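A short write-up of the structure that comes next.
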Amino acid sequence: MGGCTYQSRLAAYHDGELPPERRREVQEHVAGCPACAAELERLRAVSRLLQSARAPAMPEDMAGRLHEALVPARERGIIRICRAVSLAAAALLVVCGAWLLTGRPDGAASAGPLAEWEVAAVTLDPELAQASAEEATALWLVSDLSRENGL
Ligand SMILES: [Zn+2]
């Protein structure tokens, strides 16, 4: 604190970061400047406090155990997000597919019956192309669920 121009150099002096010439200069100044001497003593007190409060060393095997515990947890989180995204995508696909097969969801008739190639393009499955919209939705759900359960 105070208005002494040396105050800004005291931290570097305290940390031993000044070249020898500047270090000697600051040392001589501090000897004759009570404000800088007090500030330097304050820095030393803080340094002592930090040293005495230093955290105990981490046990050697702890880093490895933390890593082992964290990696699977993170992977589980990513898998959960992927599953949620793919479920949302599957739901959107079912809704859009049903919409395309039956007409608009507001009940209005679609422009006309879909050509067989249009149905096949949406379903990508010739079996589904022959099925009604309800059957197609049911088949999608069954195939999606059985894939998820590894059947
Ligand atoms: Zn000073």
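Lettering and numbering for the structure tokens are positional, with chains as A, B, ... in the shown order, residues counted from 1 in each chain, and ligands counted from 1 in the shown order.
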| request: Enumerate as an MDAnalysis selection string the residues within 8 Å of ligand 1, counting only C-alpha atoms and all ligand atoms. | output: chainID A and resid 4:7 29:30 32:37
Using only C-alpha atoms, which residues sit within 9 Å of segment 14-20 of chain A once same-chain residues fewer than 4 positions away are excluded, as a PDB file with C-alpha atoms, in the first residue's frame?
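Below is the file selection.pdb, written as the result:
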ATOM      1  CA  ARG A   9       8.383  -4.640  -7.252  1.00  0.00           C
ATOM      2  CA  LEU A  10       8.162  -6.090  -3.753  1.00  0.00           C
ATOM      3  CA  ARG A  24      20.153  -5.209  -4.491  1.00  0.00           C
ATOM      4  CA  GLU A  25      18.457  -1.909  -5.362  1.00  0.00           C
ATOM      5  CA  LEU A  40       7.574  -7.051   2.554  1.00  0.00           C
ATOM      6  CA  LEU A  43       4.223 -10.797   2.001  1.00  0.00           C
ATOM      7  CA  ARG A  44       6.464 -13.029   4.112  1.00  0.00           C
TER       8      ARG A  44
END
Skipping near chain neighbours, those fewer than 6 positions away, what residues fall within 10 Å of Glu134 of chain A using only C-alpha atoms, listed as a tab-separated table (two decimals) with C-alpha atoms, in the first residue's frame?
chain	number	residue	atom	x	y	z
A	98	ALA	CA	-46.91	-42.04	-39.42
A	101	LEU	CA	-48.29	-42.49	-44.27
A	102	THR	CA	-51.61	-41.23	-42.93
A	140	TRP	CA	-40.95	-49.88	-35.85
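Nearest residue to Val94 of chain A, choosing from A:Met62, A:Ala45, A:Ile81, A:Ala136 and counting only C-alpha atoms: A:Ala136.
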Neighbour list for Leu93 of chain A as a CSV table (one decimal) with N, CA and C atoms, in the first residue's frame, cut-off 12 Å, only C-alpha atoms, skip fewer than 5 positions in-chain:
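Saved result, around05.csv, follows:
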chain,number,residue,atom,x,y,z
A,86,SER,N,-30.9,-40.7,-29.2
A,86,SER,CA,-31.4,-41.6,-30.2
A,86,SER,C,-32.9,-42.0,-30.0
A,87,LEU,N,-33.3,-42.0,-28.7
A,87,LEU,CA,-34.8,-42.2,-28.5
A,87,LEU,C,-35.6,-41.1,-29.0
A,88,ALA,N,-35.1,-39.8,-28.8
A,88,ALA,CA,-35.8,-38.7,-29.4
A,88,ALA,C,-35.9,-38.7,-30.9
A,98,ALA,N,-45.5,-41.9,-39.5
A,98,ALA,CA,-46.9,-42.0,-39.4
A,98,ALA,C,-47.6,-40.9,-40.1
A,99,TRP,N,-47.1,-39.7,-40.0
A,99,TRP,CA,-47.6,-38.5,-40.6
A,99,TRP,C,-47.6,-38.7,-42.1
A,100,LEU,N,-46.5,-39.1,-42.6
A,100,LEU,CA,-46.3,-39.2,-44.1
A,100,LEU,C,-47.3,-40.3,-44.6
A,101,LEU,N,-47.5,-41.4,-43.8
A,101,LEU,CA,-48.3,-42.5,-44.3
A,101,LEU,C,-49.8,-42.2,-44.2
A,122,VAL,N,-39.7,-43.8,-47.4
A,122,VAL,CA,-39.8,-43.4,-46.0
A,122,VAL,C,-39.5,-44.5,-45.1
A,123,THR,N,-40.0,-45.7,-45.4
A,123,THR,CA,-39.9,-46.8,-44.5
A,123,THR,C,-38.6,-47.6,-44.7
A,136,ALA,N,-47.2,-50.3,-39.2
A,136,ALA,CA,-45.9,-49.8,-39.5
A,136,ALA,C,-45.3,-49.3,-38.2
A,137,THR,N,-46.1,-48.5,-37.5
A,137,THR,CA,-45.6,-47.9,-36.2
A,137,THR,C,-45.3,-49.0,-35.2
A,140,TRP,N,-42.1,-50.7,-36.2
A,140,TRP,CA,-40.9,-49.9,-35.8
A,140,TRP,C,-40.6,-50.0,-34.4
A,141,LEU,N,-41.7,-49.9,-33.6
A,141,LEU,CA,-41.4,-49.9,-32.1
A,141,LEU,C,-40.8,-51.2,-31.7
A,144,ASP,N,-37.2,-51.5,-32.9
A,144,ASP,CA,-36.4,-50.6,-32.1
A,144,ASP,C,-36.1,-51.2,-30.7
